[in-house]
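K.L.:
The structure is given below, and queries will be raised subsequently.
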Amino acid sequence: MDSHSKKYPLPQSTYDDFAKARPGRMADGYRREGTIIEEYIGPVQLEGDKLWFGKTFYDGEGNTGVGSFGYFDATDRQYHLFALPEVADFSISPIHVEPDAVWISIYHAGEWGDSPAGILRYDRKTHAVRKYDLPDDVNGFVASGNRLVAYTSSGIAIIEDDQTTRYLVDRTTDGRLRLAQATH
């Protein structure tokens, strides 16, 4: 809501958008009648006059959505969404915006709980997308030099030079906590 009490609801995908972006889900039996599309603003990050966010949605029992990310520009009061094929099937949490890239964690929010699906790096200049496989839920990101550190449900993952290294939090026999490199 702005200073004039005007609201800016998140644009929702239509059924036709859903059918085009997610043919695999259509094969699961989703039909126009009985399909409920409800998408929400998920994690956010402010960059100047832009509020970046990822869309989230529940994907099961007739409810669904189309994954995307983007920003609301306070200057033009418009949503600017990036609906990439690599994101269409997933909700997004969290998001980390840098001058040259947007990092997002993707996951499936379904009937049997959330399932992590990795991390994507979107290049803001070339529009190229790079996927990093990660079996853990990502809770947030911290940039550290030329590294991106993702803090996860199991510990941390460090992305550096297109390589991902995972570290788990482990308790030693004397009760101290330590980081142990994950083997897979």
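Chains: A, B, ... in order of the structure tokens. Residues: from 1 per chain. Ligands: from 1, in order shown.
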Once you count only C-alpha atoms, what closest atom pair and distance in Å to one decimal does each residue of stretch 27-73 of chain A within 12 Å of stretch 121-125 of chain A have, with rows by chain and rising residue number, as JSON lines?
P.N.:
```
{"residue": "A:Ser68", "atom": "CA", "partner": "A:Tyr122", "partner_atom": "CA", "distance": 11.7}
{"residue": "A:Phe69", "atom": "CA", "partner": "A:Tyr122", "partner_atom": "CA", "distance": 10.3}
{"residue": "A:Gly70", "atom": "CA", "partner": "A:Tyr122", "partner_atom": "CA", "distance": 11.0}
```
K.L.:
Under the rule that only C-alpha atoms are counted, which of A:Phe141, A:Ala180, A:Gly62, A:Ala74 is the nearest residue to A:Leu46?
P.N.:
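Counting only C-alpha atoms, the residue closest to A:Leu46 is A:Ala74.
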K.L.:
Figure out the distance between atom CA of A:Asp162 and atom CA of A:Tyr71, please, to one decimal in Å.
P.N.:
25.9 Å
K.L.:
When you look at A:Leu134 with a cut-off of 8 Å (counting only C-alpha atoms), what residues show up, excluding the ones that are within fewer than 4 positions of it in the same chain? I need them as a VMD selection string.
P.N.:
chain A and resid 116 to 119
K.L.:
Got time to write the residues from that selection, C-alpha atoms, as a CSV table (one decimal), in the first residue's frame?
P.N.:
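Now in part-v1.csv:
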```
chain,number,residue,atom,x,y,z
A,116,PRO,CA,14.8,-28.8,-1.6
A,117,ALA,CA,15.7,-28.6,-5.3
A,118,GLY,CA,19.0,-26.6,-5.3
A,119,ILE,CA,20.3,-23.1,-5.8
```
K.L.:
Run DSSP on the backbone and give me the residues of chain A it puts in strand (DSSP E), as a compact mmCIF listing (two decimals) with C-alpha atoms, in the first residue's frame.
P.N.:
```
# COMPACT_ATOMS: atom_id res chain seq x y z
CA ILE A 36 -6.64 -23.14 -7.57
CA ILE A 37 -3.71 -20.86 -8.36
CA TYR A 40 2.47 -15.24 -2.63
CA ILE A 41 5.43 -12.97 -2.12
CA GLY A 42 8.03 -15.02 -0.31
CA PRO A 43 11.46 -13.92 0.82
CA VAL A 44 12.44 -10.32 0.09
CA GLN A 45 15.51 -8.10 -0.25
CA LEU A 46 15.58 -4.35 -0.75
CA GLU A 47 17.88 -2.90 -3.42
CA LYS A 50 13.35 -2.17 -5.76
CA LEU A 51 11.89 -4.78 -3.46
CA TRP A 52 13.16 -8.10 -4.81
CA PHE A 53 11.24 -11.25 -3.92
CA GLY A 54 10.59 -14.85 -4.84
CA LYS A 55 7.11 -16.26 -5.39
CA THR A 56 5.90 -19.12 -3.24
CA ASN A 63 -3.54 -25.97 -5.51
CA THR A 64 -0.61 -24.77 -7.56
CA PHE A 69 11.13 -14.04 -8.97
CA GLY A 70 11.49 -10.36 -9.56
CA TYR A 71 10.95 -7.02 -7.95
CA PHE A 72 8.42 -4.33 -7.28
CA ASP A 73 9.82 -0.96 -8.36
CA GLN A 78 5.16 -1.93 -11.29
CA TYR A 79 6.06 -5.57 -10.79
CA HIS A 80 8.92 -6.88 -12.93
CA LEU A 81 8.87 -10.69 -12.89
CA PHE A 82 11.31 -13.22 -14.31
CA SER A 91 8.74 -21.90 -4.83
CA ILE A 92 11.63 -19.66 -3.88
CA SER A 93 13.29 -19.21 -0.52
CA PRO A 94 15.55 -17.34 0.14
CA ILE A 95 16.81 -14.73 -2.35
CA HIS A 96 20.11 -12.82 -2.45
CA VAL A 97 20.54 -9.91 -4.87
CA ALA A 101 23.52 -11.72 -10.07
CA VAL A 102 20.45 -12.93 -8.23
CA TRP A 103 20.82 -16.10 -6.16
CA ILE A 104 17.71 -18.09 -5.26
CA SER A 105 17.03 -21.31 -3.45
CA ILE A 106 14.30 -23.38 -5.07
CA TYR A 107 12.08 -25.95 -3.40
CA HIS A 108 8.89 -27.87 -3.97
CA ALA A 109 6.15 -27.09 -1.41
CA GLY A 110 3.80 -30.04 -1.62
CA GLY A 113 6.32 -31.32 2.98
CA ASP A 114 8.97 -29.18 1.40
CA SER A 115 11.66 -30.73 -0.80
CA PRO A 116 14.81 -28.75 -1.62
CA ALA A 117 15.75 -28.57 -5.31
CA GLY A 118 19.00 -26.59 -5.30
CA ILE A 119 20.29 -23.08 -5.83
CA LEU A 120 20.11 -21.00 -9.00
CA ARG A 121 22.32 -18.10 -10.01
CA TYR A 122 20.69 -15.70 -12.48
CA ASP A 123 23.15 -13.42 -14.29
CA VAL A 129 21.03 -19.43 -15.29
CA ARG A 130 23.40 -21.80 -13.48
CA LYS A 131 22.06 -24.51 -11.17
CA TYR A 132 23.90 -25.83 -8.14
CA VAL A 138 18.53 -23.23 2.38
CA ASN A 139 17.67 -20.71 5.08
CA GLY A 140 19.71 -17.76 3.84
CA PHE A 141 22.75 -16.48 1.98
CA VAL A 142 25.81 -14.44 2.90
CA ALA A 143 28.27 -13.12 0.32
CA SER A 144 31.90 -13.33 1.39
CA ARG A 147 32.11 -16.87 -2.32
CA LEU A 148 28.46 -17.32 -1.60
CA VAL A 149 27.74 -19.03 1.70
CA ALA A 150 24.33 -20.68 2.05
CA TYR A 151 23.29 -21.54 5.56
CA THR A 152 21.24 -24.70 5.41
CA GLY A 155 25.16 -26.67 8.15
CA ILE A 156 26.59 -24.52 5.37
CA ALA A 157 27.32 -24.80 1.67
CA ILE A 158 29.98 -22.68 0.02
CA ILE A 159 29.77 -21.88 -3.68
CA GLU A 160 33.07 -20.71 -5.11
CA GLN A 163 32.00 -25.61 -7.10
CA THR A 164 29.77 -26.38 -4.13
CA THR A 165 31.28 -27.67 -0.90
CA ARG A 166 29.00 -28.69 1.95
CA TYR A 167 29.86 -28.69 5.64
CA LEU A 168 27.72 -30.33 8.30
CA VAL A 169 27.54 -29.29 11.92
CA ASP A 170 28.73 -32.23 13.99
CA ARG A 171 29.09 -32.79 17.72
CA LEU A 177 30.50 -28.52 17.83
CA ARG A 178 32.63 -28.74 14.69
CA LEU A 179 32.20 -28.42 10.94
CA ALA A 180 32.74 -31.61 8.98
CA GLN A 181 32.94 -31.63 5.19
```
K.L.:
Between atom CA of A:Glu61 and atom CA of A:Met26, measure the distance and give it in Å to one decimal.
P.N.:
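One can read the atom CA of A:Glu61 to atom CA of A:Met26 distance as 13.1 Å.
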K.L.:
Report, in Å to a single decimal, how far apart atom CA of A:Glu86 and atom CA of A:Asp133 are.
P.N.:
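These atoms are spaced 12.7 Å apart.
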K.L.:
Looking only at the backbone, which of the residues in stretch 23-182 of chain A does DSSP tag as helix (DSSP H, G or I), as an MDAnalysis selection string?
P.N.:
chainID A and resid 23:26
K.L.:
With C-alpha atoms retained, write the just-selected residues as a short mmCIF file (atom, residue, chain, number, x, y, z; two decimals), in the first residue's frame.
P.N.:
```cif
data_model
loop_
_atom_site.label_atom_id
_atom_site.label_comp_id
_atom_site.auth_asym_id
_atom_site.auth_seq_id
_atom_site.Cartn_x
_atom_site.Cartn_y
_atom_site.Cartn_z
CA PRO A 23 3.35 -29.32 -18.77
CA GLY A 24 4.60 -32.01 -16.39
CA ARG A 25 2.09 -30.93 -13.77
CA MET A 26 -0.64 -30.89 -16.39
#
```
